[in-house]
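Worksheet for the structure shown next.
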Amino acid sequence: MVVGDVTTGTDVLIIGAGPAGYVAAIRAGQLDLDVTLVEKDAYGGTCLNHGCIPSKALITATDVAHEARHAEEMGIHADPAVDLAKMIDWKDGIVDQLTSGVEKLCKANQVNLIEGKATFEGERTARISHSGEGQGSESIEFQHAVVATGSRPIAIPGFDYGDEPVLDSTQALALESVPDSLVVVGAGYIGMELASVFAKLGTDVTVIEMLDGILPGYDDDLARPVKSRATDLGIDFHFGYTASEWEQADDGIRVVAEPAEQPAADGGQAVPEEALELDTETVLVAVGREPVSDTLDLDAVGLEPDDRGFIETDSQARTAVDHVFAVGDVAGEPMLAHKGSMEGKVAAEVIAGEPAAIDYQAMPAAIFTDPEIGTVGMTESEAEEAGFDTLVGEFPFRASGRALTVGESDGVVKIVADADEGYVLGAQIVGPEASELIAELGVAIELGGTVEDVAATVHTHPTLSEAVMEAAENALGHAIHTLNR
Ligand SMILES: Cc1cc2nc3c(=O)[nH]c(=O)nc-3n(C[C@H](O)[C@H](O)[C@H](O)COP(=O)(O)OP(=O)(O)OC[C@H]3O[C@@H](n4cnc5c(N)ncnc54)[C@H](O)[C@@H]3O)c2cc1C
């Protein structure tokens, strides 16, 4: 069908159907607002199609194979064959199920869905271009707009994602055969999660990182067990290098990396002097993501992104233009799906006239490396910088009966509390199911709970969550299954 140049109207126009935009749309629908959601690519955005869900599916599947292969101690001898094409089919099935679920939920909440690319034309008008030759465009007038256009992988000089051996995370998650070797540029969470996936599939993985350690921004106590497990998996690391170019080699390609101009000074890692040359089959560039704000003609609505491309918002997700909101990755760090969904709900509620506001105090984050990392609230040093006298409790998983029975006893639960009143200020967990365990401590922060509250809550035995209770008891000096500090 050729769509002519018609103009329609909507109360709330939401641009982008990722976890920020579609959640805003459903919430707006629940609040009886007349809402239109425009998506140019696929419902569910990066998260459902190319990010959280596909990566976690592959992490789980490769863990199954890896664990089966390494269960001799439990008396299990197995050598599972991995059919990556079938694994990718399974992952794609999950993605399809979830993305069609998003579409159905939107429709059930009276969200008007439009497939196309939106750009602003004026303060209250946007143009939606439909893809495909002769598909034309339409104009839409809105009372409120919510920008939820997300982010894209950052490209680096010398590595063009259009070149066949150069992969971004989306392409790496769709490979149908296991590469013999892979160079991963960037040891952030996406690089480290995918490095583990391919190492467990038998790929020879090498990671190049500009700084002097993995998972920049995370405490060394959390990163160390992950690095150590990665090394056990056979992953090689080169810190203090910047990948500069790739060239064809006899058998595959050669990735060249130069010593980074400013390698981190405080990690004790010697500053490399020589360039590095790594022969590999393929290279994955995972150096971070940047907001998608340059394709929207933002100036037509009176907005200008900051110098990193983010759209600044206040605690109600409102931009500098009163009737325009921004949520999710395009609205700033942390670029996480649940942060975007929370902002999306707030934007919808504010538009509906409800007294909603964003609160980042209990914002969790999880990294699905091996072992996992889960964090929420403040670290010990952040709490001290904020002026708190801190009370800290820790419990190592090696003292947890359940951790031993699941064969995953590396790691620790750490709880940071305010020494005066005992309020939980933050927590960091590295170890089995850290991504799930951290939720309890998020609830504690949200409810204004204390370490006494967490310690006095009876936890089911034998579970990993007992480690959370014992860390709280340790803060109070009476943990039972570890020596108290
Ligand atoms: C490999 C990987 C793993 C990840 N793992 C996790 C994880 O485990 N946990 C977590 O919390 N986060 C994870 N993330 C990050 C997470 O995917 C993002 O934080 C999240 O998707 C951001 O949601 P969003 O709605 O802001 O944007 P997106 O999900 O990027 O969605 C934006 C949507 O807007 C559409 N769009 C853009 N411009 C226009 C336009 N002009 N018109 C119409 N539509 C437009 C895009 O097509 C897209 O569908 C991961 C990301 C990657 C890449």
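How things are named: the first chain in the structure tokens is A, the next is B, and so on; residues count from 1 in each chain; ligands count from 1 in the order shown.
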
Could you list, with a cut-off of 7 Å and counting only C-alpha atoms and all ligand atoms, the residues of chain A near ligand 1, each shown with its nearest atom pair and the distance in Å rounded to one decimal, rows sorted by chain and ascending number, as JSON lines?
{"residue": "A:Ile15", "atom": "CA", "partner": "ligand 1", "partner_atom_place_in_ligand_line": "43 (C)", "distance": 5.1}
{"residue": "A:Gly16", "atom": "CA", "partner": "ligand 1", "partner_atom_place_in_ligand_line": "34 (O)", "distance": 3.2}
{"residue": "A:Ala17", "atom": "CA", "partner": "ligand 1", "partner_atom_place_in_ligand_line": "33 (C)", "distance": 4.9}
{"residue": "A:Gly18", "atom": "CA", "partner": "ligand 1", "partner_atom_place_in_ligand_line": "25 (O)", "distance": 3.4}
{"residue": "A:Pro19", "atom": "CA", "partner": "ligand 1", "partner_atom_place_in_ligand_line": "25 (O)", "distance": 4.1}
{"residue": "A:Ala20", "atom": "CA", "partner": "ligand 1", "partner_atom_place_in_ligand_line": "25 (O)", "distance": 3.7}
{"residue": "A:Gly21", "atom": "CA", "partner": "ligand 1", "partner_atom_place_in_ligand_line": "25 (O)", "distance": 5.3}
{"residue": "A:Val38", "atom": "CA", "partner": "ligand 1", "partner_atom_place_in_ligand_line": "43 (C)", "distance": 5.1}
{"residue": "A:Glu39", "atom": "CA", "partner": "ligand 1", "partner_atom_place_in_ligand_line": "44 (N)", "distance": 3.8}
{"residue": "A:Lys40", "atom": "CA", "partner": "ligand 1", "partner_atom_place_in_ligand_line": "44 (N)", "distance": 4.1}
{"residue": "A:Asp41", "atom": "CA", "partner": "ligand 1", "partner_atom_place_in_ligand_line": "47 (O)", "distance": 4.4}
{"residue": "A:Ala42", "atom": "CA", "partner": "ligand 1", "partner_atom_place_in_ligand_line": "49 (O)", "distance": 5.4}
{"residue": "A:Tyr43", "atom": "CA", "partner": "ligand 1", "partner_atom_place_in_ligand_line": "49 (O)", "distance": 6.0}
{"residue": "A:Gly44", "atom": "CA", "partner": "ligand 1", "partner_atom_place_in_ligand_line": "49 (O)", "distance": 6.1}
{"residue": "A:Gly45", "atom": "CA", "partner": "ligand 1", "partner_atom_place_in_ligand_line": "49 (O)", "distance": 3.2}
{"residue": "A:Thr46", "atom": "CA", "partner": "ligand 1", "partner_atom_place_in_ligand_line": "29 (O)", "distance": 3.7}
{"residue": "A:Cys47", "atom": "CA", "partner": "ligand 1", "partner_atom_place_in_ligand_line": "17 (O)", "distance": 3.5}
{"residue": "A:His50", "atom": "CA", "partner": "ligand 1", "partner_atom_place_in_ligand_line": "53 (C)", "distance": 5.9}
{"residue": "A:Gly51", "atom": "CA", "partner": "ligand 1", "partner_atom_place_in_ligand_line": "2 (C)", "distance": 3.4}
{"residue": "A:Cys52", "atom": "CA", "partner": "ligand 1", "partner_atom_place_in_ligand_line": "5 (N)", "distance": 3.4}
{"residue": "A:Ser55", "atom": "CA", "partner": "ligand 1", "partner_atom_place_in_ligand_line": "1 (C)", "distance": 5.7}
{"residue": "A:Lys56", "atom": "CA", "partner": "ligand 1", "partner_atom_place_in_ligand_line": "8 (O)", "distance": 6.8}
{"residue": "A:Gly116", "atom": "CA", "partner": "ligand 1", "partner_atom_place_in_ligand_line": "43 (C)", "distance": 5.8}
{"residue": "A:Lys117", "atom": "CA", "partner": "ligand 1", "partner_atom_place_in_ligand_line": "42 (N)", "distance": 3.6}
{"residue": "A:Ala118", "atom": "CA", "partner": "ligand 1", "partner_atom_place_in_ligand_line": "42 (N)", "distance": 3.9}
{"residue": "A:Thr119", "atom": "CA", "partner": "ligand 1", "partner_atom_place_in_ligand_line": "41 (N)", "distance": 5.7}
{"residue": "A:Ala148", "atom": "CA", "partner": "ligand 1", "partner_atom_place_in_ligand_line": "26 (O)", "distance": 5.4}
{"residue": "A:Thr149", "atom": "CA", "partner": "ligand 1", "partner_atom_place_in_ligand_line": "34 (O)", "distance": 3.7}
{"residue": "A:Gly150", "atom": "CA", "partner": "ligand 1", "partner_atom_place_in_ligand_line": "27 (O)", "distance": 3.1}
{"residue": "A:Ser151", "atom": "CA", "partner": "ligand 1", "partner_atom_place_in_ligand_line": "30 (O)", "distance": 4.8}
{"residue": "A:Arg152", "atom": "CA", "partner": "ligand 1", "partner_atom_place_in_ligand_line": "30 (O)", "distance": 6.9}
{"residue": "A:Ser169", "atom": "CA", "partner": "ligand 1", "partner_atom_place_in_ligand_line": "1 (C)", "distance": 5.3}
{"residue": "A:Thr170", "atom": "CA", "partner": "ligand 1", "partner_atom_place_in_ligand_line": "1 (C)", "distance": 6.6}
{"residue": "A:Ile190", "atom": "CA", "partner": "ligand 1", "partner_atom_place_in_ligand_line": "1 (C)", "distance": 5.4}
{"residue": "A:Val292", "atom": "CA", "partner": "ligand 1", "partner_atom_place_in_ligand_line": "38 (N)", "distance": 6.4}
{"residue": "A:Thr295", "atom": "CA", "partner": "ligand 1", "partner_atom_place_in_ligand_line": "41 (N)", "distance": 6.1}
{"residue": "A:Leu296", "atom": "CA", "partner": "ligand 1", "partner_atom_place_in_ligand_line": "41 (N)", "distance": 5.4}
{"residue": "A:Val327", "atom": "CA", "partner": "ligand 1", "partner_atom_place_in_ligand_line": "26 (O)", "distance": 6.3}
{"residue": "A:Gly328", "atom": "CA", "partner": "ligand 1", "partner_atom_place_in_ligand_line": "26 (O)", "distance": 3.3}
{"residue": "A:Asp329", "atom": "CA", "partner": "ligand 1", "partner_atom_place_in_ligand_line": "26 (O)", "distance": 4.0}
{"residue": "A:Val330", "atom": "CA", "partner": "ligand 1", "partner_atom_place_in_ligand_line": "26 (O)", "distance": 6.0}
{"residue": "A:Met335", "atom": "CA", "partner": "ligand 1", "partner_atom_place_in_ligand_line": "19 (O)", "distance": 4.2}
{"residue": "A:Leu336", "atom": "CA", "partner": "ligand 1", "partner_atom_place_in_ligand_line": "19 (O)", "distance": 3.3}
{"residue": "A:Ala337", "atom": "CA", "partner": "ligand 1", "partner_atom_place_in_ligand_line": "11 (O)", "distance": 3.8}
{"residue": "A:His338", "atom": "CA", "partner": "ligand 1", "partner_atom_place_in_ligand_line": "11 (O)", "distance": 5.4}
{"residue": "A:Gly340", "atom": "CA", "partner": "ligand 1", "partner_atom_place_in_ligand_line": "26 (O)", "distance": 5.3}
{"residue": "A:Ala365", "atom": "CA", "partner": "ligand 1", "partner_atom_place_in_ligand_line": "11 (O)", "distance": 6.9}
{"residue": "A:Ala366", "atom": "CA", "partner": "ligand 1", "partner_atom_place_in_ligand_line": "9 (N)", "distance": 6.5}
{"residue": "A:Ile367", "atom": "CA", "partner": "ligand 1", "partner_atom_place_in_ligand_line": "8 (O)", "distance": 6.4}
{"residue": "A:Phe368", "atom": "CA", "partner": "ligand 1", "partner_atom_place_in_ligand_line": "8 (O)", "distance": 6.7}

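The list of residues with at least one atom within 8 Å of A:Gln361, based on only C-alpha atoms and without residues fewer than 3 positions apart in the same chain, reads Gly377, Ile445 and Glu446 of chain A.
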
Nearby residues (only C-alpha atoms) at most 8 Å from A:Gly234, same-chain spacing under 3 positions excluded, as a list in words: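 The contact residues come out as Ala199, Asp204, Val205, Ala230 and Thr231 of chain A.
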
Near stretch 22-30 of chain A, 8 Å: stretch 272-388 of chain A residue rows, closest pairs, only C-alpha atoms, as a Markdown table:
| residue | atom | partner | partner_atom | distance |
| --- | --- | --- | --- | --- |
| A:Ser341 | CA | A:Val23 | CA | 5.7 |
| A:Glu343 | CA | A:Ala24 | CA | 7.9 |
| A:Gly344 | CA | A:Ala24 | CA | 4.1 |
| A:Lys345 | CA | A:Ala24 | CA | 5.0 |
| A:Val346 | CA | A:Ala24 | CA | 7.8 |
| A:Ala347 | CA | A:Ala24 | CA | 6.8 |
| A:Ala348 | CA | A:Ala28 | CA | 4.9 |
| A:Glu349 | CA | A:Ala28 | CA | 7.0 |
| A:Ala352 | CA | A:Ala28 | CA | 7.4 |

Long-range neighbours of A:Val256 as a PyMOL selection string, 10 Å cut-off, only C-alpha atoms, 5 positions minimum in chain: chain A and resi 158+241-247+275-279

If you keep N, CA and C atoms, can you produce a file of those selected residues as a compact mmCIF listing (two decimals), in the first residue's frame?
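Now in out_17.txt:
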# COMPACT_ATOMS: atom_id res chain seq x y z
N GLY A 158 39.31 2.41 11.52
CA GLY A 158 40.03 1.21 11.05
C GLY A 158 39.17 -0.04 11.06
N TYR A 241 46.21 -1.49 25.14
CA TYR A 241 46.31 -1.42 23.68
C TYR A 241 45.04 -0.87 23.06
N THR A 242 45.21 -0.12 21.99
CA THR A 242 44.08 0.35 21.19
C THR A 242 44.15 -0.32 19.83
N ALA A 243 43.09 -1.02 19.45
CA ALA A 243 43.07 -1.66 18.13
C ALA A 243 43.07 -0.56 17.07
N SER A 244 43.96 -0.64 16.08
CA SER A 244 44.08 0.46 15.12
C SER A 244 43.63 0.09 13.72
N GLU A 245 43.83 -1.15 13.30
CA GLU A 245 43.40 -1.54 11.95
C GLU A 245 43.42 -3.06 11.82
N TRP A 246 42.86 -3.54 10.71
CA TRP A 246 42.98 -4.96 10.41
C TRP A 246 43.41 -5.09 8.96
N GLU A 247 44.06 -6.20 8.65
CA GLU A 247 44.47 -6.45 7.27
C GLU A 247 44.29 -7.92 6.96
N ALA A 275 53.85 -2.41 19.08
CA ALA A 275 52.52 -2.70 18.53
C ALA A 275 52.28 -4.21 18.63
N LEU A 276 51.01 -4.55 18.63
CA LEU A 276 50.62 -5.95 18.78
C LEU A 276 49.98 -6.41 17.47
N GLU A 277 50.30 -7.61 17.04
CA GLU A 277 49.66 -8.13 15.83
C GLU A 277 49.05 -9.48 16.18
N LEU A 278 47.76 -9.61 15.94
CA LEU A 278 47.07 -10.85 16.31
C LEU A 278 46.40 -11.45 15.09
N ASP A 279 46.77 -12.67 14.74
CA ASP A 279 46.11 -13.34 13.63
C ASP A 279 44.84 -14.00 14.14

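Counting only C-alpha atoms and comparing A:Glu72, A:Asp168, A:Asp299, A:Glu261, the residue that lies closest to A:Val285 is A:Asp168.
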
Spatial neighbours of A:Val166, max dist 12 Å, only C-alpha atoms, sep filter under 4 positions, as a PyMOL selection string: chain A and resi 155-162+170-172+182-185+245-248+252-255+280-286

Near-stretch 210-225 of chain A list (8 Å; only C-alpha atoms; drop same-chain fewer than 5 positions) as a PyMOL selection string: chain A and resi 186-189+192+239-242+260+263-264+267+269+371+373+410-411+428-430

I need the residues from that last selection saved to file as an mmCIF file, in the first residue's frame (with N, CA and C atoms), if you can.
data_model
loop_
_atom_site.group_PDB
_atom_site.id
_atom_site.type_symbol
_atom_site.label_atom_id
_atom_site.label_comp_id
_atom_site.auth_asym_id
_atom_site.auth_seq_id
_atom_site.Cartn_x
_atom_site.Cartn_y
_atom_site.Cartn_z
ATOM 1 N N GLY A 186 37.695 -4.522 23.409
ATOM 2 C CA GLY A 186 36.876 -3.929 24.473
ATOM 3 C C GLY A 186 36.507 -4.961 25.519
ATOM 4 N N ALA A 187 36.905 -4.697 26.766
ATOM 5 C CA ALA A 187 36.617 -5.631 27.861
ATOM 6 C C ALA A 187 35.535 -5.084 28.788
ATOM 7 N N GLY A 188 34.577 -4.341 28.196
ATOM 8 C CA GLY A 188 33.394 -3.934 28.952
ATOM 9 C C GLY A 188 32.457 -5.120 29.089
ATOM 10 N N TYR A 189 31.215 -4.854 29.571
ATOM 11 C CA TYR A 189 30.376 -6.016 29.864
ATOM 12 C C TYR A 189 29.948 -6.766 28.611
ATOM 13 N N MET A 192 32.970 -8.816 27.408
ATOM 14 C CA MET A 192 33.288 -9.937 28.308
ATOM 15 C C MET A 192 32.218 -11.030 28.253
ATOM 16 N N PHE A 239 46.179 -5.772 27.790
ATOM 17 C CA PHE A 239 45.713 -4.494 28.322
ATOM 18 C C PHE A 239 46.642 -3.367 27.861
ATOM 19 N N GLY A 240 46.099 -2.140 27.809
ATOM 20 C CA GLY A 240 46.899 -0.979 27.427
ATOM 21 C C GLY A 240 47.097 -0.862 25.925
ATOM 22 N N TYR A 241 46.213 -1.492 25.143
ATOM 23 C CA TYR A 241 46.315 -1.415 23.681
ATOM 24 C C TYR A 241 45.037 -0.868 23.063
ATOM 25 N N THR A 242 45.209 -0.121 21.985
ATOM 26 C CA THR A 242 44.079 0.354 21.188
ATOM 27 C C THR A 242 44.151 -0.319 19.827
ATOM 28 N N ALA A 260 48.158 2.053 23.960
ATOM 29 C CA ALA A 260 47.194 3.134 24.183
ATOM 30 C C ALA A 260 47.944 4.386 24.600
ATOM 31 N N PRO A 263 47.455 4.673 28.896
ATOM 32 C CA PRO A 263 47.004 3.508 29.653
ATOM 33 C C PRO A 263 46.805 3.900 31.108
ATOM 34 N N ALA A 264 45.863 3.265 31.769
ATOM 35 C CA ALA A 264 45.578 3.614 33.158
ATOM 36 C C ALA A 264 46.846 3.506 33.988
ATOM 37 N N GLY A 267 47.207 0.628 37.778
ATOM 38 C CA GLY A 267 46.929 -0.803 37.887
ATOM 39 C C GLY A 267 48.170 -1.662 37.982
ATOM 40 N N GLN A 269 50.114 -2.392 35.701
ATOM 41 C CA GLN A 269 50.411 -3.050 34.429
ATOM 42 C C GLN A 269 51.471 -2.242 33.692
ATOM 43 N N PRO A 371 31.887 -15.746 36.806
ATOM 44 C CA PRO A 371 30.594 -15.657 37.461
ATOM 45 C C PRO A 371 29.900 -14.318 37.170
ATOM 46 N N ILE A 373 27.836 -10.749 37.954
ATOM 47 C CA ILE A 373 27.983 -9.616 38.874
ATOM 48 C C ILE A 373 26.619 -8.941 39.015
ATOM 49 N N ASP A 410 32.857 -19.617 43.742
ATOM 50 C CA ASP A 410 33.696 -18.407 43.691
ATOM 51 C C ASP A 410 32.808 -17.192 43.915
ATOM 52 N N GLY A 411 33.339 -16.217 44.633
ATOM 53 C CA GLY A 411 32.615 -14.952 44.726
ATOM 54 C C GLY A 411 32.203 -14.595 46.137
ATOM 55 N N GLN A 428 27.097 -5.257 46.439
ATOM 56 C CA GLN A 428 27.793 -5.770 45.265
ATOM 57 C C GLN A 428 27.944 -7.273 45.450
ATOM 58 N N ILE A 429 27.560 -8.000 44.424
ATOM 59 C CA ILE A 429 27.668 -9.457 44.498
ATOM 60 C C ILE A 429 28.415 -9.939 43.272
ATOM 61 N N VAL A 430 29.395 -10.797 43.465
ATOM 62 C CA VAL A 430 29.969 -11.534 42.339
ATOM 63 C C VAL A 430 29.845 -13.002 42.715
#

Two-atom distance - atom CA of A:Phe325, atom CA of A:Phe142 (Å):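 Rounded to one decimal, the two atoms are 12.4 Å apart.
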
Atom-to-atom span, atom CA of A:Asp420 and atom CA of A:Gly448, Å: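 For atom CA of A:Asp420 relative to atom CA of A:Gly448, the distance reads 13.8 Å.
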
Counting only C-alpha atoms, the option among A:His478, A:His323, A:Lys414, A:Arg318 closest to A:Ala357: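 Closest candidate: A:Arg318.
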
Given only C-alpha atoms as the counted atoms, nearest of A:Met363, A:Ala386, A:Ile415, A:Leu194 to A:Pro334: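 Ranked by minimum distance to A:Pro334, first place goes to A:Met363.
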
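Among the candidates A:Ile94, A:Leu37, A:Met469, A:Leu425, the residue lying nearest to A:Ile53 is A:Ile94 (atoms considered: only C-alpha atoms).
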
d(atom CA of A:Gly442, atom CA of A:Ala362) in Å: 5.4 Å
